[in-house]
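Novice: Contents of entry21.pdb (PDB, C-alpha atoms, pLDDT in the B column) are given next:
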ATOM      1  CA  MET A   1     -45.528 -67.565 126.577  1.00 80.00           C
ATOM      2  CA  ALA A   2     -46.053 -71.307 126.720  1.00 92.00           C
ATOM      3  CA  ARG A   3     -48.433 -72.749 129.325  1.00 96.00           C
ATOM      4  CA  TYR A   4     -46.713 -75.351 131.495  1.00 98.00           C
ATOM      5  CA  TYR A   5     -48.305 -77.824 133.877  1.00 98.00           C
ATOM      6  CA  SER A   6     -46.540 -79.198 136.896  1.00 98.00           C
ATOM      7  CA  VAL A   7     -45.587 -82.859 136.961  1.00 98.00           C
ATOM      8  CA  GLU A   8     -48.130 -83.394 139.711  1.00 98.00           C
ATOM      9  CA  GLU A   9     -50.883 -81.884 137.557  1.00 98.00           C
ATOM     10  CA  ALA A  10     -49.783 -83.787 134.461  1.00 98.00           C
ATOM     11  CA  ARG A  11     -49.906 -87.168 136.181  1.00 97.00           C
ATOM     12  CA  THR A  12     -53.661 -86.783 136.663  1.00 97.00           C
ATOM     13  CA  MET A  13     -54.312 -85.717 133.058  1.00 98.00           C
ATOM     14  CA  ALA A  14     -55.318 -87.792 130.047  1.00 98.00           C
ATOM     15  CA  GLY A  15     -53.960 -87.618 126.529  1.00 98.00           C
ATOM     16  CA  LEU A  16     -50.471 -86.660 125.429  1.00 98.00           C
ATOM     17  CA  ARG A  17     -48.144 -84.829 127.793  1.00 98.00           C
ATOM     18  CA  LEU A  18     -44.660 -83.600 126.890  1.00 98.00           C
ATOM     19  CA  VAL A  19     -42.218 -82.885 129.679  1.00 98.00           C
ATOM     20  CA  VAL A  20     -39.846 -80.292 128.246  1.00 98.00           C
ATOM     21  CA  THR A  21     -37.083 -77.992 129.380  1.00 94.00           C
ATOM     22  CA  ALA A  22     -39.103 -74.914 130.263  1.00 94.00           C
ATOM     23  CA  HIS A  23     -38.559 -71.287 129.183  1.00 93.00           C
ATOM     24  CA  VAL A  24     -35.565 -71.943 126.893  1.00 94.00           C
ATOM     25  CA  PRO A  25     -35.327 -73.547 123.420  1.00 96.00           C
ATOM     26  CA  GLY A  26     -33.629 -76.780 124.457  1.00 95.00           C
ATOM     27  CA  LEU A  27     -32.548 -78.870 121.484  1.00 97.00           C
ATOM     28  CA  TRP A  28     -34.198 -82.170 122.375  1.00 98.00           C
ATOM     29  CA  SER A  29     -37.320 -80.506 123.740  1.00 98.00           C
ATOM     30  CA  GLU A  30     -37.840 -78.389 120.624  1.00 98.00           C
ATOM     31  CA  ALA A  31     -37.249 -81.452 118.435  1.00 98.00           C
ATOM     32  CA  ALA A  32     -39.824 -83.509 120.344  1.00 98.00           C
ATOM     33  CA  LYS A  33     -42.390 -80.714 120.191  1.00 98.00           C
ATOM     34  CA  SER A  34     -41.736 -80.319 116.471  1.00 98.00           C
ATOM     35  CA  ILE A  35     -42.230 -84.021 115.757  1.00 98.00           C
ATOM     36  CA  PHE A  36     -45.671 -83.939 117.380  1.00 98.00           C
ATOM     37  CA  ASP A  37     -46.455 -80.547 115.810  1.00 98.00           C
ATOM     38  CA  ALA A  38     -45.700 -81.933 112.346  1.00 98.00           C
ATOM     39  CA  LYS A  39     -48.224 -84.686 113.074  1.00 98.00           C
ATOM     40  CA  GLY A  40     -50.870 -82.185 114.161  1.00 97.00           C
ATOM     41  CA  LEU A  41     -51.085 -83.805 117.598  1.00 98.00           C
ATOM     42  CA  ALA A  42     -52.197 -81.756 120.593  1.00 97.00           C
ATOM     43  CA  TYR A  43     -50.229 -82.050 123.811  1.00 98.00           C
ATOM     44  CA  ALA A  44     -49.887 -80.468 127.235  1.00 98.00           C
ATOM     45  CA  LEU A  45     -46.490 -79.051 128.133  1.00 98.00           C
ATOM     46  CA  VAL A  46     -45.062 -80.126 131.476  1.00 98.00           C
ATOM     47  CA  GLU A  47     -42.259 -78.214 133.161  1.00 97.00           C
ATOM     48  CA  GLN A  48     -38.776 -79.603 133.711  1.00 97.00           C
ATOM     49  CA  THR A  49     -36.360 -77.241 135.411  1.00 92.00           C
ATOM     50  CA  VAL A  50     -32.806 -76.980 134.116  1.00 87.00           C
ATOM     51  CA  GLY A  51     -30.420 -77.911 136.910  1.00 83.00           C
ATOM     52  CA  GLY A  52     -33.291 -78.477 139.337  1.00 88.00           C
ATOM     53  CA  GLU A  53     -33.895 -81.467 141.556  1.00 91.00           C
ATOM     54  CA  ASN A  54     -36.991 -82.454 139.540  1.00 95.00           C
ATOM     55  CA  ALA A  55     -37.911 -84.987 142.208  1.00 96.00           C
ATOM     56  CA  ALA A  56     -41.505 -85.385 141.027  1.00 97.00           C
ATOM     57  CA  LEU A  57     -40.275 -86.047 137.495  1.00 97.00           C
ATOM     58  CA  GLN A  58     -37.856 -88.646 138.839  1.00 97.00           C
ATOM     59  CA  ALA A  59     -40.721 -90.389 140.614  1.00 97.00           C
ATOM     60  CA  TRP A  60     -42.860 -90.389 137.465  1.00 98.00           C
ATOM     61  CA  THR A  61     -40.326 -91.166 134.737  1.00 97.00           C
ATOM     62  CA  ALA A  62     -37.281 -92.618 136.588  1.00 96.00           C
ATOM     63  CA  GLN A  63     -35.074 -89.764 135.351  1.00 95.00           C
ATOM     64  CA  THR A  64     -34.902 -85.968 135.667  1.00 95.00           C
ATOM     65  CA  SER A  65     -34.443 -84.617 132.132  1.00 95.00           C
ATOM     66  CA  GLY A  66     -36.710 -83.480 129.349  1.00 96.00           C
ATOM     67  CA  PRO A  67     -38.136 -84.245 126.944  1.00 98.00           C
ATOM     68  CA  VAL A  68     -40.401 -87.092 127.999  1.00 98.00           C
ATOM     69  CA  ALA A  69     -43.564 -88.078 126.144  1.00 98.00           C
ATOM     70  CA  VAL A  70     -46.381 -89.741 128.065  1.00 98.00           C
ATOM     71  CA  TRP A  71     -49.487 -91.006 126.300  1.00 98.00           C
ATOM     72  CA  GLU A  72     -52.466 -91.874 128.510  1.00 98.00           C
ATOM     73  CA  ASN A  73     -51.363 -94.495 131.056  1.00 97.00           C
ATOM     74  CA  GLU A  74     -48.534 -95.894 128.949  1.00 98.00           C
ATOM     75  CA  ARG A  75     -44.910 -95.902 130.050  1.00 98.00           C
ATOM     76  CA  PRO A  76     -42.957 -92.651 129.741  1.00 98.00           C
ATOM     77  CA  ARG A  77     -40.788 -92.342 126.632  1.00 98.00           C
ATOM     78  CA  SER A  78     -37.617 -90.379 127.268  1.00 97.00           C
ATOM     79  CA  THR A  79     -35.482 -91.038 124.168  1.00 98.00           C
ATOM     80  CA  TRP A  80     -35.832 -89.428 120.776  1.00 98.00           C
ATOM     81  CA  ILE A  81     -36.439 -92.713 118.979  1.00 98.00           C
ATOM     82  CA  GLU A  82     -39.181 -93.814 121.377  1.00 98.00           C
ATOM     83  CA  GLN A  83     -40.883 -90.453 120.978  1.00 98.00           C
ATOM     84  CA  LEU A  84     -40.714 -90.705 117.194  1.00 98.00           C
ATOM     85  CA  TYR A  85     -42.276 -94.165 117.151  1.00 98.00           C
ATOM     86  CA  LEU A  86     -45.013 -92.979 119.522  1.00 98.00           C
ATOM     87  CA  ALA A  87     -45.803 -90.061 117.219  1.00 98.00           C
ATOM     88  CA  GLU A  88     -45.932 -92.406 114.214  1.00 98.00           C
ATOM     89  CA  ARG A  89     -48.397 -94.669 116.008  1.00 98.00           C
ATOM     90  CA  LEU A  90     -50.662 -91.897 117.234  1.00 98.00           C
ATOM     91  CA  ALA A  91     -50.775 -90.161 113.829  1.00 98.00           C
ATOM     92  CA  PRO A  92     -49.601 -92.390 110.961  1.00 98.00           C
ATOM     93  CA  ALA A  93     -49.838 -89.456 108.538  1.00 97.00           C
ATOM     94  CA  PRO A  94     -47.819 -87.585 107.589  1.00 97.00           C
ATOM     95  CA  ARG A  95     -45.311 -90.387 107.820  1.00 98.00           C
ATOM     96  CA  LEU A  96     -41.971 -89.242 109.271  1.00 98.00           C
ATOM     97  CA  ILE A  97     -40.171 -92.599 109.052  1.00 98.00           C
ATOM     98  CA  PRO A  98     -39.472 -93.426 105.396  1.00 98.00           C
ATOM     99  CA  GLU A  99     -40.994 -96.565 103.952  1.00 97.00           C
ATOM    100  CA  ARG A 100     -37.952 -97.595 101.910  1.00 97.00           C
ATOM    101  CA  LEU A 101     -35.336 -99.466 103.937  1.00 98.00           C
ATOM    102  CA  ALA A 102     -32.321 -97.584 102.563  1.00 98.00           C
ATOM    103  CA  ASP A 103     -33.968 -94.251 103.400  1.00 98.00           C
ATOM    104  CA  ARG A 104     -34.830 -95.466 106.908  1.00 98.00           C
ATOM    105  CA  LEU A 105     -31.278 -96.612 107.560  1.00 98.00           C
ATOM    106  CA  LEU A 106     -29.919 -93.257 106.459  1.00 98.00           C
ATOM    107  CA  MET A 107     -32.500 -91.322 108.451  1.00 98.00           C
ATOM    108  CA  PHE A 108     -32.000 -93.207 111.707  1.00 98.00           C
ATOM    109  CA  GLY A 109     -28.227 -93.087 111.401  1.00 98.00           C
ATOM    110  CA  LEU A 110     -28.067 -89.341 110.820  1.00 98.00           C
ATOM    111  CA  CYS A 111     -30.738 -88.607 113.444  1.00 98.00           C
ATOM    112  CA  ASN A 112     -28.711 -90.576 115.957  1.00 98.00           C
ATOM    113  CA  GLU A 113     -25.614 -88.579 115.054  1.00 98.00           C
ATOM    114  CA  LEU A 114     -27.620 -85.464 115.887  1.00 98.00           C
ATOM    115  CA  ALA A 115     -29.640 -86.541 118.919  1.00 98.00           C
ATOM    116  CA  GLY A 116     -28.153 -89.760 120.297  1.00 98.00           C
ATOM    117  CA  GLU A 117     -25.552 -90.358 122.957  1.00 96.00           C
ATOM    118  CA  ASN A 118     -22.199 -88.902 121.847  1.00 96.00           C
ATOM    119  CA  GLY A 119     -24.020 -87.104 119.044  1.00 98.00           C
ATOM    120  CA  PHE A 120     -24.133 -83.453 118.083  1.00 98.00           C
ATOM    121  CA  GLY A 121     -26.318 -82.268 120.955  1.00 97.00           C
ATOM    122  CA  TRP A 122     -24.408 -84.344 123.475  1.00 96.00           C
ATOM    123  CA  ASN A 123     -21.093 -82.948 122.277  1.00 96.00           C
ATOM    124  CA  LEU A 124     -22.426 -79.413 122.251  1.00 96.00           C
ATOM    125  CA  ARG A 125     -23.223 -79.810 125.957  1.00 93.00           C
ATOM    126  CA  MET A 126     -19.708 -81.149 126.506  1.00 94.00           C
ATOM    127  CA  ARG A 127     -18.185 -78.201 124.681  1.00 94.00           C
ATOM    128  CA  VAL A 128     -20.274 -75.574 126.499  1.00 91.00           C
ATOM    129  CA  THR A 129     -19.485 -77.243 129.824  1.00 93.00           C
ATOM    130  CA  HIS A 130     -15.793 -77.191 128.967  1.00 94.00           C
ATOM    131  CA  ALA A 131     -15.865 -73.480 128.147  1.00 91.00           C
ATOM    132  CA  THR A 132     -17.835 -72.679 131.310  1.00 91.00           C
ATOM    133  CA  LEU A 133     -15.484 -74.585 133.579  1.00 92.00           C
ATOM    134  CA  LEU A 134     -12.485 -72.783 132.113  1.00 89.00           C
ATOM    135  CA  SER A 135     -13.978 -69.283 132.153  1.00 87.00           C
ATOM    136  CA  ASP A 136     -13.826 -66.698 134.923  1.00 83.00           C
ATOM    137  CA  ASP A 137     -16.594 -64.666 133.293  1.00 84.00           C
ATOM    138  CA  VAL A 138     -19.812 -66.679 133.662  1.00 82.00           C
ATOM    139  CA  ASP A 139     -22.990 -66.054 135.631  1.00 83.00           C
ATOM    140  CA  GLU A 140     -23.682 -67.860 138.886  1.00 84.00           C
ATOM    141  CA  PHE A 141     -26.379 -70.100 137.398  1.00 83.00           C
ATOM    142  CA  SER A 142     -24.083 -71.369 134.622  1.00 84.00           C
ATOM    143  CA  ARG A 143     -21.248 -71.915 137.071  1.00 85.00           C
ATOM    144  CA  ALA A 144     -23.510 -73.972 139.356  1.00 86.00           C
ATOM    145  CA  LEU A 145     -24.979 -75.918 136.432  1.00 86.00           C
ATOM    146  CA  ALA A 146     -21.663 -76.844 134.777  1.00 88.00           C
ATOM    147  CA  PRO A 147     -20.625 -79.579 137.281  1.00 90.00           C
ATOM    148  CA  LYS A 148     -24.051 -81.209 136.941  1.00 86.00           C
ATOM    149  CA  LEU A 149     -23.783 -81.259 133.153  1.00 85.00           C
ATOM    150  CA  ALA A 150     -20.210 -82.482 133.396  1.00 89.00           C
ATOM    151  CA  ALA A 151     -21.347 -85.494 135.423  1.00 88.00           C
ATOM    152  CA  LYS A 152     -24.345 -86.192 133.178  1.00 85.00           C
ATOM    153  CA  TYR A 153     -22.430 -86.044 129.897  1.00 87.00           C
ATOM    154  CA  GLY A 154     -19.246 -87.707 131.071  1.00 88.00           C
ATOM    155  CA  TYR A 155     -17.186 -84.567 130.659  1.00 92.00           C
ATOM    156  CA  ASP A 156     -13.471 -85.043 130.115  1.00 93.00           C
ATOM    157  CA  ALA A 157     -11.304 -82.270 128.706  1.00 95.00           C
ATOM    158  CA  THR A 158      -9.462 -84.803 126.564  1.00 96.00           C
ATOM    159  CA  LEU A 159     -12.726 -85.573 124.718  1.00 95.00           C
ATOM    160  CA  ILE A 160     -13.308 -82.048 123.434  1.00 97.00           C
ATOM    161  CA  GLU A 161     -11.240 -82.542 120.286  1.00 97.00           C
ATOM    162  CA  SER A 162     -13.198 -85.650 119.297  1.00 97.00           C
ATOM    163  CA  ALA A 163     -16.450 -83.904 120.225  1.00 97.00           C
ATOM    164  CA  ASN A 164     -15.636 -81.061 117.846  1.00 97.00           C
ATOM    165  CA  ALA A 165     -14.708 -83.531 115.115  1.00 98.00           C
ATOM    166  CA  GLN A 166     -18.038 -85.336 115.471  1.00 98.00           C
ATOM    167  CA  MET A 167     -19.948 -82.060 115.219  1.00 98.00           C
ATOM    168  CA  VAL A 168     -18.046 -81.066 112.077  1.00 98.00           C
ATOM    169  CA  GLY A 169     -18.564 -84.528 110.595  1.00 98.00           C
ATOM    170  CA  ILE A 170     -22.340 -84.593 110.987  1.00 98.00           C
ATOM    171  CA  VAL A 171     -22.734 -81.090 109.537  1.00 98.00           C
ATOM    172  CA  GLU A 172     -20.587 -82.096 106.556  1.00 98.00           C
ATOM    173  CA  ALA A 173     -22.613 -85.283 106.092  1.00 98.00           C
ATOM    174  CA  LEU A 174     -25.919 -83.385 106.135  1.00 98.00           C
ATOM    175  CA  ARG A 175     -24.558 -80.763 103.735  1.00 98.00           C
ATOM    176  CA  ASP A 176     -23.428 -83.437 101.287  1.00 98.00           C
ATOM    177  CA  GLN A 177     -26.659 -85.403 101.648  1.00 98.00           C
ATOM    178  CA  LEU A 178     -28.747 -82.337 100.866  1.00 98.00           C
ATOM    179  CA  GLN A 179     -26.596 -81.612  97.820  1.00 98.00           C
ATOM    180  CA  THR A 180     -27.160 -85.181  96.605  1.00 98.00           C
ATOM    181  CA  GLN A 181     -30.899 -84.902  97.122  1.00 98.00           C
ATOM    182  CA  GLN A 182     -31.166 -81.517  95.447  1.00 98.00           C
ATOM    183  CA  SER A 183     -29.147 -82.749  92.468  1.00 98.00           C
ATOM    184  CA  ARG A 184     -31.979 -85.177  91.755  1.00 96.00           C
ATOM    185  CA  GLY A 185     -34.676 -82.582  92.334  1.00 98.00           C
ATOM    186  CA  VAL A 186     -35.662 -83.545  95.882  1.00 98.00           C
ATOM    187  CA  SER A 187     -35.931 -80.914  98.609  1.00 97.00           C
ATOM    188  CA  PHE A 188     -35.749 -83.200 101.652  1.00 98.00           C
ATOM    189  CA  LEU A 189     -32.788 -84.851 103.352  1.00 98.00           C
ATOM    190  CA  THR A 190     -33.861 -88.428 102.708  1.00 98.00           C
ATOM    191  CA  GLY A 191     -36.530 -90.135 100.636  1.00 97.00           C
ATOM    192  CA  ASP A 192     -38.874 -87.925  98.648  1.00 96.00           C
ATOM    193  CA  ARG A 193     -40.842 -86.255 101.441  1.00 97.00           C
ATOM    194  CA  LEU A 194     -40.552 -84.771 104.897  1.00 98.00           C
ATOM    195  CA  SER A 195     -38.941 -87.092 107.448  1.00 98.00           C
ATOM    196  CA  ALA A 196     -37.835 -86.917 111.051  1.00 98.00           C
ATOM    197  CA  LEU A 197     -34.330 -86.125 109.800  1.00 98.00           C
ATOM    198  CA  ASP A 198     -35.498 -82.818 108.328  1.00 99.00           C
ATOM    199  CA  ILE A 199     -37.102 -81.935 111.665  1.00 98.00           C
ATOM    200  CA  TYR A 200     -34.143 -82.964 113.802  1.00 98.00           C
ATOM    201  CA  TRP A 201     -31.796 -80.994 111.594  1.00 98.00           C
ATOM    202  CA  ALA A 202     -34.060 -77.939 111.651  1.00 98.00           C
ATOM    203  CA  THR A 203     -34.263 -77.889 115.436  1.00 98.00           C
ATOM    204  CA  PHE A 204     -30.639 -78.809 116.181  1.00 98.00           C
ATOM    205  CA  ALA A 205     -29.404 -76.222 113.649  1.00 98.00           C
ATOM    206  CA  GLY A 206     -30.483 -73.655 116.223  1.00 98.00           C
ATOM    207  CA  ALA A 207     -27.313 -74.555 118.116  1.00 98.00           C
ATOM    208  CA  ILE A 208     -25.212 -73.316 115.178  1.00 98.00           C
ATOM    209  CA  ASP A 209     -27.204 -70.374 113.864  1.00 98.00           C
ATOM    210  CA  PRO A 210     -30.214 -69.548 116.082  1.00 98.00           C
ATOM    211  CA  LEU A 211     -33.355 -68.247 114.456  1.00 98.00           C
ATOM    212  CA  PRO A 212     -33.606 -64.457 114.750  1.00 97.00           C
ATOM    213  CA  PRO A 213     -35.222 -62.926 117.848  1.00 96.00           C
ATOM    214  CA  GLU A 214     -38.525 -62.286 116.084  1.00 97.00           C
ATOM    215  CA  LEU A 215     -38.829 -66.042 115.398  1.00 97.00           C
ATOM    216  CA  CYS A 216     -37.103 -67.268 118.566  1.00 97.00           C
ATOM    217  CA  PRO A 217     -38.128 -64.677 121.174  1.00 95.00           C
ATOM    218  CA  ASN A 218     -36.861 -64.584 124.748  1.00 92.00           C
ATOM    219  CA  MET A 219     -33.873 -66.820 124.054  1.00 95.00           C
ATOM    220  CA  PRO A 220     -31.421 -65.956 126.863  1.00 92.00           C
ATOM    221  CA  GLU A 221     -28.474 -64.018 125.496  1.00 92.00           C
ATOM    222  CA  PRO A 222     -25.809 -66.344 126.998  1.00 88.00           C
ATOM    223  CA  MET A 223     -27.591 -69.264 125.323  1.00 92.00           C
ATOM    224  CA  ARG A 224     -27.688 -67.414 121.998  1.00 95.00           C
ATOM    225  CA  VAL A 225     -23.930 -66.787 122.291  1.00 92.00           C
ATOM    226  CA  ASN A 226     -23.199 -70.450 123.111  1.00 90.00           C
ATOM    227  CA  TYR A 227     -25.511 -71.537 120.275  1.00 96.00           C
ATOM    228  CA  THR A 228     -23.766 -69.429 117.601  1.00 97.00           C
ATOM    229  CA  ASP A 229     -20.950 -71.141 115.735  1.00 98.00           C
ATOM    230  CA  PRO A 230     -19.702 -69.305 112.625  1.00 98.00           C
ATOM    231  CA  LYS A 231     -17.281 -72.130 111.778  1.00 98.00           C
ATOM    232  CA  LEU A 232     -19.997 -74.782 111.655  1.00 98.00           C
ATOM    233  CA  ARG A 233     -22.306 -72.334 109.866  1.00 98.00           C
ATOM    234  CA  ALA A 234     -19.684 -71.907 107.144  1.00 98.00           C
ATOM    235  CA  ILE A 235     -19.141 -75.675 106.877  1.00 98.00           C
ATOM    236  CA  GLY A 236     -22.874 -76.288 106.520  1.00 98.00           C
ATOM    237  CA  GLY A 237     -23.267 -73.595 103.886  1.00 98.00           C
ATOM    238  CA  ASP A 238     -26.216 -71.475 102.849  1.00 98.00           C
ATOM    239  CA  ALA A 239     -28.273 -74.290 101.313  1.00 98.00           C
ATOM    240  CA  LEU A 240     -28.355 -76.380 104.476  1.00 98.00           C
ATOM    241  CA  PHE A 241     -29.549 -73.449 106.583  1.00 98.00           C
ATOM    242  CA  ALA A 242     -32.026 -72.364 103.928  1.00 98.00           C
ATOM    243  CA  HIS A 243     -33.369 -75.901 104.193  1.00 98.00           C
ATOM    244  CA  ARG A 244     -33.730 -75.405 107.966  1.00 98.00           C
ATOM    245  CA  ASP A 245     -35.673 -72.206 107.384  1.00 98.00           C
ATOM    246  CA  ARG A 246     -37.963 -73.848 104.828  1.00 98.00           C
ATOM    247  CA  ILE A 247     -38.778 -76.755 107.128  1.00 98.00           C
ATOM    248  CA  TYR A 248     -39.734 -74.355 109.921  1.00 98.00           C
ATOM    249  CA  ARG A 249     -41.730 -72.151 107.589  1.00 97.00           C
ATOM    250  CA  LYS A 250     -43.705 -74.941 105.922  1.00 97.00           C
ATOM    251  CA  HIS A 251     -43.976 -77.690 108.526  1.00 97.00           C
ATOM    252  CA  LEU A 252     -43.321 -76.424 112.045  1.00 97.00           C
ATOM    253  CA  LYS A 253     -44.576 -73.628 114.306  1.00 96.00           C
ATOM    254  CA  LEU A 254     -43.249 -70.078 114.342  1.00 97.00           C
ATOM    255  CA  PRO A 255     -42.501 -68.077 116.326  1.00 96.00           C
ATOM    256  CA  MET A 256     -41.001 -70.646 118.687  1.00 96.00           C
ATOM    257  CA  ASN A 257     -42.999 -70.859 121.911  1.00 93.00           C
ATOM    258  CA  PHE A 258     -41.070 -72.012 124.930  1.00 94.00           C
TER     259      PHE A 258
END
What is this file in structure tokens?

Specialist:
Amino acid sequence: MARYYSVEEARTMAGLRLVVTAHVPGLWSEAAKSIFDAKGLAYALVEQTVGGENAALQAWTAQTSGPVAVWENERPRSTWIEQLYLAERLAPAPRLIPERLADRLLMFGLCNELAGENGFGWNLRMRVTHATLLSDDVDEFSRALAPKLAAKYGYDATLIESANAQMVGIVEALRDQLQTQQSRGVSFLTGDRLSALDIYWATFAGAIDPLPPELCPNMPEPMRVNYTDPKLRAIGGDALFAHRDRIYRKHLKLPMNF
């Protein structure tokens, strides 16, 4: 099991601290951890509670969600792009932002479609919230959490169709991009080496086809159900998910530790 520090403890510590959603494989939290893992950077995990008040986190970072990266006495960084640039500065190698402009533009655009506002992860939360609000067969925790997520993600039932379309579109784009890369003998999604896009895809793919229990232990069963999407898995195809598996196997940490 992962070792988590409290926010109060973390504020007195030096070095790199990552505030993450504790005890579950949250998409953004696992992506942030994986970016710093790929760099070989050590960090202390700090607990953020799903659906909790997180008052101490609010006081420290001016918001209540994870992930947040804090380096020494610098300002907290609570967006994926800020965290990526921090990781690049702290450990320039291996470089995760491509040097060539065209590759950077592609990488940042597709990463944003995965991790940015109104992106894949955002729309997944919308879709899960929608299903929870409409269901009579959910646990008490999920029922209590759904209104909070609805407010945070601007839930509107009329947006579910466009949310689904965005999720399909980004999976199709990544599938086609990988095919293009592989046709020229390259085994990464952009450029000619590992980039943040490979890592964001690998971690966010867990919301379509979670890693098996031996590699992703203790994932709550309701979360595994909500994070299994045969339709999107079929759209992505075997090669895209084999790519996910290879990135985890060669560049990230297994089994997942949350």

Novice: The PyMOL selection byres ((chain A and resi 104) around 12) - which residues does that actually catch in the file I just gave you? List them as a list in words.

Specialist: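 Applied to this file, the PyMOL selection byres ((chain A and resi 104) around 12) selects Arg95, Leu96, Ile97, Pro98, Glu99, Arg100, Leu101, Ala102, Asp103, Leu105, Leu106, Met107, Phe108, Gly109, Leu110, Cys111, Asn112, Leu189, Thr190, Gly191, Asp192, Ser195, Ala196 and Leu197 of chain A.
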
Novice: Using only C-alpha atoms, I'd like a table of the residues in region 53-103 of chain A that come within 8 Å of region 14-24 of chain A; for each, show the closest atom pair and its distance in Å rounded to one decimal, ordered by chain and ascending number, as a Markdown table.

Specialist:
| residue | atom | partner | partner_atom | distance |
| --- | --- | --- | --- | --- |
| A:Ser65 | CA | A:Thr21 | CA | 7.6 |
| A:Gly66 | CA | A:Val20 | CA | 4.6 |
| A:Pro67 | CA | A:Val20 | CA | 4.5 |
| A:Val68 | CA | A:Val19 | CA | 4.9 |
| A:Ala69 | CA | A:Leu18 | CA | 4.7 |
| A:Val70 | CA | A:Arg17 | CA | 5.2 |
| A:Trp71 | CA | A:Leu16 | CA | 4.5 |
| A:Glu72 | CA | A:Gly15 | CA | 4.9 |
| A:Asn73 | CA | A:Ala14 | CA | 7.8 |

Novice: At a cut-off of 8 Å, using only C-alpha atoms, what residues contact Ser34 (chain A)? Leave out same-chain residues fewer than 2 positions from it and give the result as a list of chain:residue names.

Specialist: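 Selected residues are A:Glu30, A:Ala31, A:Ala32, A:Phe36, A:Asp37, A:Ala38, A:Ile199, A:Thr203, A:Leu252, A:Lys253.
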
Novice: Please measure the separation of CA of Ala157 (chain A) and CA of Tyr200 (chain A), giving the value in Å to one decimal.

Specialist: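 Going from CA of Ala157 (chain A) over to CA of Tyr200 (chain A) covers 27.3 Å.
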
Novice: So that I can see what lies close to Gly236 (chain A), please list as a compact mmCIF listing (two decimals) with C-alpha atoms, in the coordinates of the input the residues with an atom at most 7 Å from it, counting only C-alpha atoms and leaving out residues fewer than 6 positions away in the same chain.

Specialist:
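Okay, this is what ended up in part04.txt:
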# COMPACT_ATOMS: atom_id res chain seq x y z
CA VAL A 171 -22.73 -81.09 109.54
CA GLU A 172 -20.59 -82.10 106.56
CA ARG A 175 -24.56 -80.76 103.74

Novice: Evaluate the PyMOL selection byres ((chain A and resi 204) around 8) against this structure - the residues, as an MDAnalysis selection string, please.

Specialist: chainID A and resid 27:28 31 114 121 200:203 205:208

Novice: List as an mmCIF file with C-alpha atoms, in the coordinates of the input the protein and nucleic acid residues near region 130-138 of chain A, meaning an atom at most 10 Å away when only C-alpha atoms are counted, but skip any in the same chain fewer than 2 places from it.

Specialist:
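So out.cif came out as:
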data_model
loop_
_atom_site.group_PDB
_atom_site.id
_atom_site.type_symbol
_atom_site.label_atom_id
_atom_site.label_comp_id
_atom_site.auth_asym_id
_atom_site.auth_seq_id
_atom_site.Cartn_x
_atom_site.Cartn_y
_atom_site.Cartn_z
ATOM 1 C CA LEU A 124 -22.426 -79.413 122.251
ATOM 2 C CA ARG A 125 -23.223 -79.810 125.957
ATOM 3 C CA MET A 126 -19.708 -81.149 126.506
ATOM 4 C CA ARG A 127 -18.185 -78.201 124.681
ATOM 5 C CA VAL A 128 -20.274 -75.574 126.499
ATOM 6 C CA GLU A 140 -23.682 -67.860 138.886
ATOM 7 C CA PHE A 141 -26.379 -70.100 137.398
ATOM 8 C CA SER A 142 -24.083 -71.369 134.622
ATOM 9 C CA ARG A 143 -21.248 -71.915 137.071
ATOM 10 C CA ALA A 144 -23.510 -73.972 139.356
ATOM 11 C CA LEU A 145 -24.979 -75.918 136.432
ATOM 12 C CA ALA A 146 -21.663 -76.844 134.777
ATOM 13 C CA PRO A 147 -20.625 -79.579 137.281
ATOM 14 C CA LEU A 149 -23.783 -81.259 133.153
ATOM 15 C CA ALA A 150 -20.210 -82.482 133.396
ATOM 16 C CA TYR A 155 -17.186 -84.567 130.659
ATOM 17 C CA ASP A 156 -13.471 -85.043 130.115
ATOM 18 C CA ALA A 157 -11.304 -82.270 128.706
ATOM 19 C CA LEU A 159 -12.726 -85.573 124.718
ATOM 20 C CA ILE A 160 -13.308 -82.048 123.434
ATOM 21 C CA PRO A 222 -25.809 -66.344 126.998
ATOM 22 C CA ASN A 226 -23.199 -70.450 123.111
#

Novice: For Lys250 (chain A), which residue out of A:Leu232, A:Ala44, A:Leu194, A:Met223 is the nearest one, using all atoms listed in the file?

Specialist: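 Closest residue, counting all atoms listed in the file: A:Leu194.
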
Novice: I need every residue sitting at most 9 Å from the point (-29.1, -81.9, 102.9) (coordinates as in the file, all atoms listed in the file considered), written as a count of residues only.

Specialist: 18

Novice: Please report the interatomic distance between CA of Pro230 (chain A) and CA of Glu214 (chain A) in Å with one decimal.

Specialist: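 Atom-to-atom, CA of Pro230 (chain A) to CA of Glu214 (chain A), that is 20.4 Å.
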
Novice: Measuring atom to atom with only C-alpha atoms, identify which of A:Trp60, A:Tyr248, A:Phe258, A:Tyr85 is nearest to Ser6 (chain A).

Specialist: A:Trp60

Novice: Which one of A:Val46, A:Ile247, A:Leu86, A:Met256 sits closest to Leu211 (chain A) if you count all atoms listed in the file?

Specialist: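 Checking each candidate against Leu211 (chain A), we get A:Met256 as the closest.
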
Novice: Out of A:Asp209, A:Ala56, A:Met219, A:Gln83, which residue has the shortest atom-to-atom distance to Lys33 (chain A) when counting all atoms listed in the file?

Specialist: A:Gln83

Novice: Taking all atoms listed in the file into account, which of A:Met1, A:Val7, A:Ile81, A:Val186 comes nearest Gly116 (chain A)?

Specialist: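 Under the stated criterion, the closest residue is A:Ile81.
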
Novice: Restricting the calculation to all atoms listed in the file: of A:Ala91, A:Met13, A:Leu254, A:Ala115, which residue gets closest to Pro217 (chain A)?

Specialist: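 Answer, going by the shortest atom-to-atom distance: A:Leu254.
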